[in-house]
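Coordinates as given in data28.pdb (PDB, C-alpha atoms):
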ATOM      1  CA  MET S   1     162.573 -31.867 -33.149
ATOM      2  CA  ILE S   2     162.722 -31.272 -36.922
ATOM      3  CA  LYS S   3     159.088 -30.180 -36.753
ATOM      4  CA  VAL S   4     159.906 -27.627 -34.080
ATOM      5  CA  ILE S   5     162.796 -26.270 -36.122
ATOM      6  CA  ILE S   6     160.571 -25.963 -39.180
ATOM      7  CA  ARG S   7     157.873 -24.176 -37.191
ATOM      8  CA  TYR S   8     160.385 -21.760 -35.755
ATOM      9  CA  ARG S   9     162.498 -21.352 -38.910
ATOM     10  CA  TRP S  10     161.669 -17.663 -39.360
ATOM     11  CA  PHE S  11     162.410 -16.982 -35.731
ATOM     12  CA  LEU S  12     165.770 -18.762 -36.040
ATOM     13  CA  LEU S  13     166.503 -16.795 -39.188
ATOM     14  CA  SER S  14     165.689 -13.511 -37.464
ATOM     15  CA  LEU S  15     167.967 -14.514 -34.576
ATOM     16  CA  VAL S  16     170.754 -15.021 -37.138
ATOM     17  CA  VAL S  17     170.009 -11.587 -38.628
ATOM     18  CA  MET S  18     170.078 -10.058 -35.153
ATOM     19  CA  GLY S  19     173.430 -11.752 -34.492
ATOM     20  CA  ALA S  20     174.834 -10.552 -37.809
ATOM     21  CA  VAL S  21     173.706  -6.979 -37.133
ATOM     22  CA  THR S  22     175.307  -7.075 -33.700
ATOM     23  CA  ALA S  23     178.553  -8.421 -35.182
ATOM     24  CA  VAL S  24     178.680  -5.623 -37.773
ATOM     25  CA  ASP S  25     177.494  -2.781 -35.531
ATOM     26  CA  GLY S  26     177.695  -3.644 -31.847
ATOM     27  CA  ASP S  27     175.984  -0.455 -30.739
ATOM     28  CA  LEU S  28     173.001  -0.921 -33.036
ATOM     29  CA  GLY S  29     172.792  -4.601 -32.115
ATOM     30  CA  ASN S  30     172.751  -3.833 -28.424
ATOM     31  CA  ARG S  31     169.967  -1.330 -28.837
ATOM     32  CA  ALA S  32     168.007  -3.876 -30.878
ATOM     33  CA  ILE S  33     168.497  -6.483 -28.149
ATOM     34  CA  ASP S  34     167.403  -3.981 -25.488
ATOM     35  CA  THR S  35     164.204  -3.182 -27.349
ATOM     36  CA  THR S  36     163.570  -6.862 -27.984
ATOM     37  CA  MET S  37     163.885  -7.610 -24.274
ATOM     38  CA  MET S  38     161.566  -4.714 -23.482
ATOM     39  CA  THR S  39     158.981  -6.028 -25.956
ATOM     40  CA  ILE S  40     159.262  -9.544 -24.528
ATOM     41  CA  LYS S  41     158.639  -8.130 -21.063
ATOM     42  CA  GLU S  42     155.607  -6.265 -22.365
ATOM     43  CA  MET S  43     154.388  -9.422 -24.053
ATOM     44  CA  LEU S  44     154.854 -11.562 -20.942
ATOM     45  CA  PHE S  45     152.923  -9.017 -18.959
ATOM     46  CA  ILE S  46     150.011  -8.284 -21.230
ATOM     47  CA  ILE S  47     149.567 -11.485 -23.233
ATOM     48  CA  PRO S  48     148.650 -14.005 -20.473
ATOM     49  CA  PRO S  49     145.414 -12.293 -19.372
ATOM     50  CA  ILE S  50     144.330 -11.781 -22.988
ATOM     51  CA  PHE S  51     144.774 -15.455 -23.787
ATOM     52  CA  VAL S  52     143.170 -16.631 -20.537
ATOM     53  CA  LEU S  53     140.167 -14.407 -21.273
ATOM     54  CA  LEU S  54     139.872 -15.731 -24.799
ATOM     55  CA  GLY S  55     140.108 -19.301 -23.462
ATOM     56  CA  LEU S  56     137.278 -18.593 -21.017
ATOM     57  CA  LEU S  57     135.239 -16.921 -23.743
ATOM     58  CA  ASP S  58     135.794 -19.939 -25.959
ATOM     59  CA  THR S  59     134.505 -22.489 -23.460
ATOM     60  CA  TRP S  60     131.873 -20.527 -21.547
ATOM     61  CA  VAL S  61     130.054 -18.371 -24.082
ATOM     62  CA  PRO S  62     127.835 -20.485 -26.333
ATOM     63  CA  LYS S  63     128.046 -19.893 -30.051
ATOM     64  CA  ASP S  64     124.323 -19.072 -30.199
ATOM     65  CA  THR S  65     124.769 -16.189 -27.778
ATOM     66  CA  MET S  66     127.640 -14.723 -29.777
ATOM     67  CA  VAL S  67     125.721 -15.143 -33.022
ATOM     68  CA  LYS S  68     122.731 -13.387 -31.498
ATOM     69  CA  TYR S  69     124.730 -10.402 -30.313
ATOM     70  CA  MET S  70     127.383 -10.099 -33.007
ATOM     71  CA  GLY S  71     126.488 -12.480 -35.845
ATOM     72  CA  ASP S  72     124.495 -11.989 -39.032
ATOM     73  CA  GLY S  73     121.428  -9.922 -38.282
ATOM     74  CA  SER S  74     122.884  -8.433 -35.112
ATOM     75  CA  GLY S  75     122.718  -5.038 -36.806
ATOM     76  CA  LEU S  76     123.653  -1.921 -34.897
ATOM     77  CA  LYS S  77     123.967  -3.877 -31.649
ATOM     78  CA  GLY S  78     126.724  -6.004 -33.179
ATOM     79  CA  ILE S  79     128.576  -2.967 -34.520
ATOM     80  CA  LEU S  80     128.445  -1.186 -31.163
ATOM     81  CA  LEU S  81     129.585  -4.283 -29.288
ATOM     82  CA  ALA S  82     132.490  -4.815 -31.692
ATOM     83  CA  PHE S  83     133.490  -1.193 -31.166
ATOM     84  CA  PHE S  84     133.180  -1.391 -27.430
ATOM     85  CA  ILE S  85     135.096  -4.657 -26.962
ATOM     86  CA  GLY S  86     137.888  -3.443 -29.263
ATOM     87  CA  SER S  87     138.121  -0.072 -27.506
ATOM     88  CA  ALA S  88     138.119  -1.563 -24.025
ATOM     89  CA  ALA S  89     141.030  -3.808 -24.946
ATOM     90  CA  ALA S  90     144.555  -3.493 -23.709
ATOM     91  CA  GLY S  91     147.711  -4.478 -25.447
ATOM     92  CA  PRO S  92     149.265  -4.199 -28.878
ATOM     93  CA  LEU S  93     147.383  -4.995 -32.085
ATOM     94  CA  TYR S  94     148.940  -8.430 -32.487
ATOM     95  CA  GLY S  95     146.957  -9.487 -29.409
ATOM     96  CA  ALA S  96     143.715  -8.761 -31.280
ATOM     97  CA  PHE S  97     144.182 -11.359 -33.997
ATOM     98  CA  PRO S  98     143.902 -14.480 -31.799
ATOM     99  CA  VAL S  99     140.760 -12.964 -30.255
ATOM    100  CA  ALA S 100     139.424 -12.477 -33.788
ATOM    101  CA  ALA S 101     139.959 -16.199 -34.402
ATOM    102  CA  VAL S 102     137.761 -17.040 -31.392
ATOM    103  CA  PHE S 103     135.128 -14.616 -32.723
ATOM    104  CA  MET S 104     135.211 -16.461 -36.057
ATOM    105  CA  ARG S 105     134.662 -19.773 -34.271
ATOM    106  CA  LYS S 106     131.728 -18.241 -32.434
ATOM    107  CA  GLY S 107     130.060 -17.123 -35.637
ATOM    108  CA  VAL S 108     130.646 -13.377 -35.308
ATOM    109  CA  LYS S 109     129.916 -11.550 -38.558
ATOM    110  CA  PHE S 110     133.057 -10.775 -40.545
ATOM    111  CA  SER S 111     132.376  -7.040 -40.811
ATOM    112  CA  ASN S 112     132.019  -6.910 -37.010
ATOM    113  CA  ILE S 113     135.346  -8.690 -36.595
ATOM    114  CA  LEU S 114     136.934  -6.079 -38.853
ATOM    115  CA  ILE S 115     135.356  -3.287 -36.789
ATOM    116  CA  PHE S 116     136.707  -4.937 -33.655
ATOM    117  CA  ILE S 117     140.212  -5.028 -35.179
ATOM    118  CA  GLY S 118     139.923  -1.388 -36.219
ATOM    119  CA  ALA S 119     138.772  -0.324 -32.764
ATOM    120  CA  TRP S 120     141.511  -2.304 -31.044
ATOM    121  CA  SER S 121     144.098  -0.722 -33.327
ATOM    122  CA  THR S 122     143.201   2.874 -32.799
ATOM    123  CA  THR S 123     140.307   3.840 -30.503
ATOM    124  CA  LYS S 124     141.449   2.153 -27.296
ATOM    125  CA  ILE S 125     140.087   4.074 -24.338
ATOM    126  CA  PRO S 126     143.241   4.003 -22.143
ATOM    127  CA  MET S 127     145.295   5.181 -25.130
ATOM    128  CA  PHE S 128     142.809   7.942 -25.847
ATOM    129  CA  LEU S 129     143.212   9.343 -22.340
ATOM    130  CA  PHE S 130     146.970   9.229 -22.725
ATOM    131  CA  GLU S 131     146.755  10.925 -26.121
ATOM    132  CA  LEU S 132     144.448  13.588 -24.725
ATOM    133  CA  SER S 133     146.970  14.630 -22.114
ATOM    134  CA  ALA S 134     150.048  14.322 -24.365
ATOM    135  CA  LEU S 135     148.818  15.934 -27.581
ATOM    136  CA  GLY S 136     145.814  17.948 -26.508
ATOM    137  CA  ALA S 137     142.045  17.789 -26.956
ATOM    138  CA  PRO S 138     141.781  19.119 -30.544
ATOM    139  CA  PHE S 139     144.248  16.471 -31.731
ATOM    140  CA  ALA S 140     142.848  13.515 -29.794
ATOM    141  CA  ILE S 141     139.164  14.279 -30.277
ATOM    142  CA  THR S 142     139.500  15.001 -34.006
ATOM    143  CA  ARG S 143     141.354  11.744 -34.462
ATOM    144  CA  LEU S 144     138.683   9.832 -32.566
ATOM    145  CA  LEU S 145     135.812  11.448 -34.476
ATOM    146  CA  VAL S 146     137.435  10.746 -37.854
ATOM    147  CA  ASN S 147     138.390   7.220 -36.797
ATOM    148  CA  ILE S 148     134.905   6.062 -35.851
ATOM    149  CA  PRO S 149     133.383   6.400 -39.341
ATOM    150  CA  GLY S 150     136.764   5.461 -40.867
ATOM    151  CA  ILE S 151     136.878   2.121 -39.075
ATOM    152  CA  ILE S 152     133.343   1.287 -40.206
ATOM    153  CA  ILE S 153     134.020   2.319 -43.812
ATOM    154  CA  ILE S 154     137.248   0.294 -43.949
ATOM    155  CA  ALA S 155     135.472  -2.722 -42.434
ATOM    156  CA  TYR S 156     132.631  -2.632 -44.965
ATOM    157  CA  LEU S 157     134.947  -1.930 -47.908
ATOM    158  CA  LEU S 158     137.153  -4.872 -46.949
ATOM    159  CA  ASN S 159     134.108  -7.046 -46.450
ATOM    160  CA  ALA S 160     132.847  -6.130 -49.926
ATOM    161  CA  LEU S 161     136.225  -6.536 -51.646
ATOM    162  CA  VAL S 162     137.032  -9.988 -50.335
ATOM    163  CA  PRO S 163     135.323 -12.987 -51.970
ATOM    164  CA  LYS S 164     132.879 -14.865 -49.725
ATOM    165  CA  ALA S 165     134.774 -18.116 -50.272
ATOM    166  CA  GLU S 166     137.940 -16.587 -48.850
ATOM    167  CA  VAL S 167     136.136 -15.465 -45.700
ATOM    168  CA  GLU S 168     134.641 -18.940 -45.310
ATOM    169  CA  ALA S 169     138.117 -20.435 -45.621
ATOM    170  CA  LEU S 170     139.314 -18.124 -42.825
ATOM    171  CA  TYR S 171     136.468 -19.252 -40.581
ATOM    172  CA  LEU S 172     137.345 -22.875 -41.296
ATOM    173  CA  ASN S 173     140.986 -22.172 -40.535
ATOM    174  CA  ALA S 174     140.005 -20.576 -37.203
ATOM    175  CA  GLU S 175     137.900 -23.647 -36.448
ATOM    176  CA  LYS S 176     140.950 -25.851 -36.963
ATOM    177  CA  MET S 177     143.089 -23.667 -34.708
ATOM    178  CA  GLY S 178     140.637 -24.195 -31.861
ATOM    179  CA  GLU S 179     140.746 -27.980 -31.968
TER     180      GLU S 179
ATOM    181  CA  MET R   1     145.320   0.148 -16.566
ATOM    182  CA  ASN R   2     147.031  -3.231 -16.717
ATOM    183  CA  TRP R   3     146.118  -4.180 -13.178
ATOM    184  CA  LEU R   4     142.491  -3.797 -14.180
ATOM    185  CA  LEU R   5     142.966  -6.394 -16.898
ATOM    186  CA  TYR R   6     144.594  -8.752 -14.406
ATOM    187  CA  LEU R   7     141.886  -8.150 -11.820
ATOM    188  CA  LEU R   8     139.161  -8.831 -14.371
ATOM    189  CA  THR R   9     140.885 -11.989 -15.571
ATOM    190  CA  MET R  10     141.338 -13.248 -12.007
ATOM    191  CA  ILE R  11     137.687 -12.634 -11.165
ATOM    192  CA  PHE R  12     136.493 -14.499 -14.247
ATOM    193  CA  LEU R  13     138.957 -17.295 -13.654
ATOM    194  CA  ILE R  14     137.966 -17.806 -10.016
ATOM    195  CA  TYR R  15     134.281 -17.628 -10.899
ATOM    196  CA  SER R  16     134.832 -20.179 -13.652
ATOM    197  CA  TYR R  17     136.764 -22.467 -11.304
ATOM    198  CA  VAL R  18     134.030 -22.356  -8.670
ATOM    199  CA  LYS R  19     131.334 -23.119 -11.219
ATOM    200  CA  ASP R  20     133.068 -25.822 -13.218
ATOM    201  CA  ARG R  21     136.554 -27.122 -12.674
ATOM    202  CA  ASN R  22     136.744 -29.089 -15.905
ATOM    203  CA  LYS R  23     135.587 -26.218 -18.052
ATOM    204  CA  THR R  24     138.220 -24.015 -16.411
ATOM    205  CA  LYS R  25     140.912 -26.554 -17.179
ATOM    206  CA  LYS R  26     139.691 -26.703 -20.746
ATOM    207  CA  SER R  27     139.746 -22.889 -20.975
ATOM    208  CA  LEU R  28     143.331 -22.742 -19.788
ATOM    209  CA  SER R  29     144.409 -25.451 -22.162
ATOM    210  CA  LYS R  30     142.698 -23.565 -24.984
ATOM    211  CA  ALA R  31     144.454 -20.381 -23.904
ATOM    212  CA  TRP R  32     147.794 -22.133 -23.965
ATOM    213  CA  LYS R  33     147.114 -23.742 -27.340
ATOM    214  CA  ALA R  34     146.082 -20.411 -28.878
ATOM    215  CA  PHE R  35     149.286 -18.891 -27.547
ATOM    216  CA  GLU R  36     151.548 -21.734 -28.615
ATOM    217  CA  ASN R  37     149.958 -21.664 -32.031
ATOM    218  CA  ILE R  38     151.015 -18.082 -32.694
ATOM    219  CA  LEU R  39     154.263 -18.072 -30.714
ATOM    220  CA  PRO R  40     156.626 -18.540 -33.693
ATOM    221  CA  GLU R  41     155.111 -15.492 -35.436
ATOM    222  CA  PHE R  42     155.125 -13.492 -32.187
ATOM    223  CA  LEU R  43     158.830 -14.143 -31.742
ATOM    224  CA  VAL R  44     159.623 -13.031 -35.288
ATOM    225  CA  VAL R  45     157.613  -9.841 -34.779
ATOM    226  CA  ILE R  46     159.400  -9.098 -31.527
ATOM    227  CA  ILE R  47     162.833  -9.408 -33.111
ATOM    228  CA  MET R  48     161.770  -7.288 -36.077
ATOM    229  CA  VAL R  49     160.449  -4.615 -33.729
ATOM    230  CA  GLY R  50     163.760  -4.683 -31.880
ATOM    231  CA  LEU R  51     165.771  -4.202 -35.068
ATOM    232  CA  MET R  52     163.398  -1.584 -36.468
ATOM    233  CA  MET R  53     163.413   0.464 -33.292
ATOM    234  CA  ALA R  54     167.195   0.305 -33.045
ATOM    235  CA  ILE R  55     167.477   1.723 -36.551
ATOM    236  CA  LEU R  56     164.624   4.207 -36.200
ATOM    237  CA  ASP R  57     165.243   5.479 -32.681
ATOM    238  CA  PRO R  58     163.309   8.568 -31.530
ATOM    239  CA  ASP R  59     166.286  10.847 -32.279
ATOM    240  CA  LEU R  60     166.344   9.762 -35.906
ATOM    241  CA  ILE R  61     162.565  10.029 -36.195
ATOM    242  CA  VAL R  62     162.748  13.595 -34.907
ATOM    243  CA  LYS R  63     165.506  14.344 -37.412
ATOM    244  CA  VAL R  64     163.563  12.889 -40.341
ATOM    245  CA  ILE R  65     160.205  14.524 -39.677
ATOM    246  CA  GLY R  66     161.211  17.133 -37.151
ATOM    247  CA  GLU R  67     161.301  20.127 -39.475
ATOM    248  CA  ASP R  68     158.014  21.531 -40.647
ATOM    249  CA  SER R  69     158.457  19.649 -43.883
ATOM    250  CA  GLY R  70     155.048  19.857 -45.554
ATOM    251  CA  TRP R  71     153.716  16.946 -47.576
ATOM    252  CA  LEU R  72     157.086  15.240 -47.848
ATOM    253  CA  GLY R  73     157.193  15.245 -44.059
ATOM    254  CA  VAL R  74     153.717  13.737 -43.941
ATOM    255  CA  VAL R  75     154.774  10.978 -46.336
ATOM    256  CA  LEU R  76     157.913  10.239 -44.311
ATOM    257  CA  ALA R  77     155.951  10.341 -41.065
ATOM    258  CA  SER R  78     153.417   7.856 -42.399
ATOM    259  CA  ILE R  79     156.151   5.488 -43.581
ATOM    260  CA  VAL R  80     157.955   5.673 -40.249
ATOM    261  CA  GLY R  81     154.668   5.113 -38.428
ATOM    262  CA  SER R  82     153.858   2.089 -40.578
ATOM    263  CA  VAL R  83     157.122   0.247 -40.025
ATOM    264  CA  THR R  84     157.396   0.924 -36.306
ATOM    265  CA  LEU R  85     155.533  -0.563 -33.416
ATOM    266  CA  ILE R  86     155.815   1.558 -30.314
ATOM    267  CA  PRO R  87     153.778   1.061 -27.161
ATOM    268  CA  GLY R  88     151.534   4.042 -26.433
ATOM    269  CA  PHE R  89     153.422   5.154 -23.373
ATOM    270  CA  VAL R  90     156.479   5.701 -25.580
ATOM    271  CA  ALA R  91     154.605   6.805 -28.698
ATOM    272  CA  PHE R  92     152.889   9.877 -27.302
ATOM    273  CA  PRO R  93     155.983  11.300 -25.624
ATOM    274  CA  THR R  94     157.797  10.690 -28.935
ATOM    275  CA  ALA R  95     155.035  12.551 -30.754
ATOM    276  CA  ASP R  96     155.376  15.367 -28.244
ATOM    277  CA  LEU R  97     159.119  15.414 -28.902
ATOM    278  CA  LEU R  98     158.374  15.686 -32.605
ATOM    279  CA  LEU R  99     156.165  18.698 -31.971
ATOM    280  CA  GLN R 100     158.920  20.355 -30.005
ATOM    281  CA  GLY R 101     161.309  19.400 -32.803
ATOM    282  CA  GLY R 102     159.265  21.595 -35.120
ATOM    283  CA  ALA R 103     157.027  19.049 -36.841
ATOM    284  CA  GLY R 104     153.526  20.200 -37.731
ATOM    285  CA  TYR R 105     150.311  18.618 -36.527
ATOM    286  CA  MET R 106     149.738  17.067 -39.935
ATOM    287  CA  GLN R 107     152.983  15.106 -39.694
ATOM    288  CA  ILE R 108     152.256  14.037 -36.133
ATOM    289  CA  GLY R 109     148.736  13.016 -37.149
ATOM    290  CA  ALA R 110     150.086  10.834 -39.957
ATOM    291  CA  PHE R 111     152.691   9.361 -37.625
ATOM    292  CA  VAL R 112     150.310   8.537 -34.770
ATOM    293  CA  SER R 113     147.590   7.202 -37.056
ATOM    294  CA  THR R 114     149.824   4.889 -39.097
ATOM    295  CA  LEU R 115     151.645   3.832 -35.960
ATOM    296  CA  MET R 116     148.418   2.450 -34.564
ATOM    297  CA  MET R 117     146.568   1.271 -37.648
ATOM    298  CA  VAL R 118     149.277   0.079 -40.020
ATOM    299  CA  GLY R 119     151.518  -2.751 -38.902
ATOM    300  CA  ILE R 120     154.194  -3.825 -41.353
ATOM    301  CA  VAL R 121     156.201  -5.772 -38.789
ATOM    302  CA  THR R 122     153.124  -7.466 -37.311
ATOM    303  CA  MET R 123     152.037  -8.759 -40.725
ATOM    304  CA  PRO R 124     153.252 -12.327 -40.050
ATOM    305  CA  VAL R 125     150.742 -12.570 -37.197
ATOM    306  CA  GLU R 126     147.930 -10.916 -39.143
ATOM    307  CA  VAL R 127     148.452 -13.120 -42.204
ATOM    308  CA  LYS R 128     148.140 -16.250 -40.097
ATOM    309  CA  TYR R 129     144.568 -15.336 -39.106
ATOM    310  CA  PHE R 130     143.371 -13.202 -42.009
ATOM    311  CA  GLY R 131     145.369 -14.387 -45.015
ATOM    312  CA  GLY R 132     147.588 -12.344 -47.311
ATOM    313  CA  ARG R 133     144.976 -10.470 -49.277
ATOM    314  CA  ILE R 134     142.940  -9.092 -46.380
ATOM    315  CA  THR R 135     146.094  -8.189 -44.471
ATOM    316  CA  LEU R 136     147.435  -6.287 -47.450
ATOM    317  CA  TYR R 137     144.129  -4.528 -48.180
ATOM    318  CA  ARG R 138     143.526  -3.612 -44.543
ATOM    319  CA  ASN R 139     146.965  -2.111 -44.104
ATOM    320  CA  ALA R 140     146.795  -0.272 -47.437
ATOM    321  CA  MET R 141     143.403   1.213 -46.576
ATOM    322  CA  ALA R 142     144.533   2.190 -43.103
ATOM    323  CA  PHE R 143     147.597   3.846 -44.652
ATOM    324  CA  VAL R 144     145.535   5.946 -47.066
ATOM    325  CA  PHE R 145     142.997   6.693 -44.338
ATOM    326  CA  SER R 146     145.774   8.048 -42.127
ATOM    327  CA  TYR R 147     146.262  10.895 -44.620
ATOM    328  CA  ILE R 148     142.625  11.869 -44.154
ATOM    329  CA  VAL R 149     143.146  11.774 -40.389
ATOM    330  CA  ALA R 150     146.297  13.880 -40.703
ATOM    331  CA  TYR R 151     144.563  16.435 -42.885
ATOM    332  CA  ALA R 152     141.538  16.664 -40.572
ATOM    333  CA  ILE R 153     143.764  17.153 -37.548
ATOM    334  CA  SER R 154     145.747  19.930 -39.199
ATOM    335  CA  LEU R 155     142.498  21.682 -40.190
ATOM    336  CA  VAL R 156     141.019  21.489 -36.694
ATOM    337  CA  VAL R 157     144.188  22.406 -34.834
ATOM    338  CA  ASN R 158     144.675  25.458 -37.061
ATOM    339  CA  LEU R 159     141.075  26.501 -36.461
ATOM    340  CA  VAL R 160     141.209  26.167 -32.690
TER     341      VAL R 160
END
Can you turn what I pasted into structure tokens?
Amino acid sequence: MIKVIIRYRWFLLSLVVMGAVTAVDGDLGNRAIDTTMMTIKEMLFIIPPIFVLLGLLDTWVPKDTMVKYMGDGSGLKGILLAFFIGSAAAGPLYGAFPVAAVFMRKGVKFSNILIFIGAWSTTKIPMFLFELSALGAPFAITRLLVNIPGIIIIAYLLNALVPKAEVEALYLNAEKMGE
Amino acid sequence: MNWLLYLLTMIFLIYSYVKDRNKTKKSLSKAWKAFENILPEFLVVIIMVGLMMAILDPDLIVKVIGEDSGWLGVVLASIVGSVTLIPGFVAFPTADLLLQGGAGYMQIGAFVSTLMMVGIVTMPVEVKYFGGRITLYRNAMAFVFSYIVAYAISLVVNLV
């Protein structure tokens, strides 16, 4: 019980904050609660398939296969795959991080994981179609064309800036999460 | 689009079940564990999004960056985009509203780009998998990069 409370301490604290806000400004609080419920609904809808898919990926796809396609030495193939998987994704960015942890366990190269995160964040295909119709072709296409090199540059810069030991620690951490 | 994700998941799941029951069970237990593992952070993010969106509702966003406000507007737009987390089906109509409210394409570009790439409220989740330093660097780079995106968009839109 104590363990559960400790694990959820920040959540409990944010509930208190939400309560305090509602007490001070009922209108604001109600709107916050509405949005929270809407986000929970979205989460309940979109999160289960993502996690089931990552569970299946974890047990069915052998590490060797993932290393071959997206690990060290996967070259352009790995980059393209990372882009494609990230862009084909659905759901908010916070859904991408647990998938990244499975990629780490499967020996996917760190720069490819960062490309995957970048693609998931901003070049999602369904979103692009939506953007195209809402904001027009010049807007959407320019953004896409600037984003593609941008995502790769950010991934490689990050990869170069972060010490190898730190990346290894992350991979170890992901390994532990999968136990 | 979501039904496609469900359909795909169902197909894989059924295929997996037919091929190997135990492996399927293991997959589902892994799925649950991965979810349970991040649930506390998810819940915090959800509450923060709720509070943030109540404070920064679309009306206020339009007021803050609605006028064609030049670079100051771009800066404000990028800050608003960074601290909010709006699903796409709300974000693009909001962006459209901003355009009608008189914002320029540069502001909208900064808003849309930071909205998608920079996640201040989702940092608790990101830190859990990537650590503090990478999370900070990634978000900072994405923030700066969004200015390049905004500038490029304003150039192209003015040309077209």
Sorted by chain and rising residue number, which residues of chain S lie within 6 Å of chain R, and what are their closest atom pairs and distances in Å to one decimal, counting only C-alpha atoms, as JSON lines?
{"residue": "S:Tyr8", "atom": "CA", "partner": "R:Pro40", "partner_atom": "CA", "distance": 5.4}
{"residue": "S:Phe11", "atom": "CA", "partner": "R:Val44", "partner_atom": "CA", "distance": 4.9}
{"residue": "S:Leu28", "atom": "CA", "partner": "R:Ala54", "partner_atom": "CA", "distance": 5.9}
{"residue": "S:Arg31", "atom": "CA", "partner": "R:Ala54", "partner_atom": "CA", "distance": 5.3}
{"residue": "S:Ala32", "atom": "CA", "partner": "R:Gly50", "partner_atom": "CA", "distance": 4.4}
{"residue": "S:Thr35", "atom": "CA", "partner": "R:Gly50", "partner_atom": "CA", "distance": 4.8}
{"residue": "S:Thr36", "atom": "CA", "partner": "R:Gly50", "partner_atom": "CA", "distance": 4.5}
{"residue": "S:Pro49", "atom": "CA", "partner": "R:Thr9", "partner_atom": "CA", "distance": 5.9}
{"residue": "S:Phe51", "atom": "CA", "partner": "R:Ala31", "partner_atom": "CA", "distance": 4.9}
{"residue": "S:Val52", "atom": "CA", "partner": "R:Ala31", "partner_atom": "CA", "distance": 5.2}
{"residue": "S:Gly55", "atom": "CA", "partner": "R:Ser27", "partner_atom": "CA", "distance": 4.4}
{"residue": "S:Leu56", "atom": "CA", "partner": "R:Ser27", "partner_atom": "CA", "distance": 5.0}
{"residue": "S:Thr59", "atom": "CA", "partner": "R:Ser27", "partner_atom": "CA", "distance": 5.8}
{"residue": "S:Ser121", "atom": "CA", "partner": "R:Met117", "partner_atom": "CA", "distance": 5.4}
{"residue": "S:Thr122", "atom": "CA", "partner": "R:Met116", "partner_atom": "CA", "distance": 5.5}
{"residue": "S:Pro138", "atom": "CA", "partner": "R:Val157", "partner_atom": "CA", "distance": 5.9}
{"residue": "S:Phe139", "atom": "CA", "partner": "R:Ile153", "partner_atom": "CA", "distance": 5.9}
{"residue": "S:Thr142", "atom": "CA", "partner": "R:Ile153", "partner_atom": "CA", "distance": 5.9}
Find the axis-aligned box for range 58-68 of chain S, covering all its listed atoms and adding 8 Å on each side, and write its centre and edge lengths in Å to one decimal as AutoDock Vina command-line options.
--center_x 129.3 --center_y -17.9 --center_z -27.3 --size_x 29.1 --size_y 25.1 --size_z 27.5
| Could you name the residues that touch Leu129 in chain S at 12 Å or less, counting only C-alpha atoms, but leaving out those on the same chain fewer than 2 positions away, as a ChimeraX atom specification? | /S:87,123-127,131-137,139-141,144 /R:1,88-89,92
| field | Who sits within 8 Å of Leu54 in chain S, all atoms listed in the file, same chain under 3 positions skipped, as a ChimeraX atom specification | value | /S:50-51,57-58,99,102 /R:31
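Our summary of the geometry notes that CA of Leu53 in chain S is positioned 16.6 Å from CA of Met177 in chain S.
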Pull range 149-160 of chain S out of the block and emit N, CA and C atoms, as a CSV table (one decimal), in the first residue's frame.
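As a result, out06.csv now contains:
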chain,number,residue,atom,x,y,z
S,149,PRO,N,14.8,16.7,-42.9
S,149,PRO,CA,16.2,16.8,-42.5
S,149,PRO,C,16.3,17.2,-41.1
S,150,GLY,N,15.4,18.0,-40.6
S,150,GLY,CA,15.5,18.5,-39.2
S,150,GLY,C,15.5,17.4,-38.2
S,151,ILE,N,14.6,16.4,-38.4
S,151,ILE,CA,14.6,15.3,-37.5
S,151,ILE,C,15.9,14.5,-37.5
S,152,ILE,N,16.5,14.3,-38.7
S,152,ILE,CA,17.7,13.6,-38.8
S,152,ILE,C,18.9,14.4,-38.1
S,153,ILE,N,18.9,15.7,-38.4
S,153,ILE,CA,20.0,16.5,-37.8
S,153,ILE,C,19.8,16.5,-36.2
S,154,ILE,N,18.6,16.7,-35.7
S,154,ILE,CA,18.4,16.7,-34.3
S,154,ILE,C,18.9,15.3,-33.7
S,155,ALA,N,18.5,14.2,-34.4
S,155,ALA,CA,18.8,12.9,-33.9
S,155,ALA,C,20.4,12.7,-33.8
S,156,TYR,N,21.1,13.1,-34.9
S,156,TYR,CA,22.5,12.9,-34.9
S,156,TYR,C,23.2,13.9,-33.9
S,157,LEU,N,22.7,15.1,-33.8
S,157,LEU,CA,23.3,16.0,-32.8
S,157,LEU,C,23.1,15.5,-31.4
S,158,LEU,N,21.9,15.0,-31.1
S,158,LEU,CA,21.7,14.5,-29.8
S,158,LEU,C,22.6,13.3,-29.5
S,159,ASN,N,22.7,12.4,-30.5
S,159,ASN,CA,23.5,11.2,-30.4
S,159,ASN,C,25.0,11.6,-30.1
S,160,ALA,N,25.4,12.7,-30.8
S,160,ALA,CA,26.8,13.1,-30.6
S,160,ALA,C,27.0,13.8,-29.3
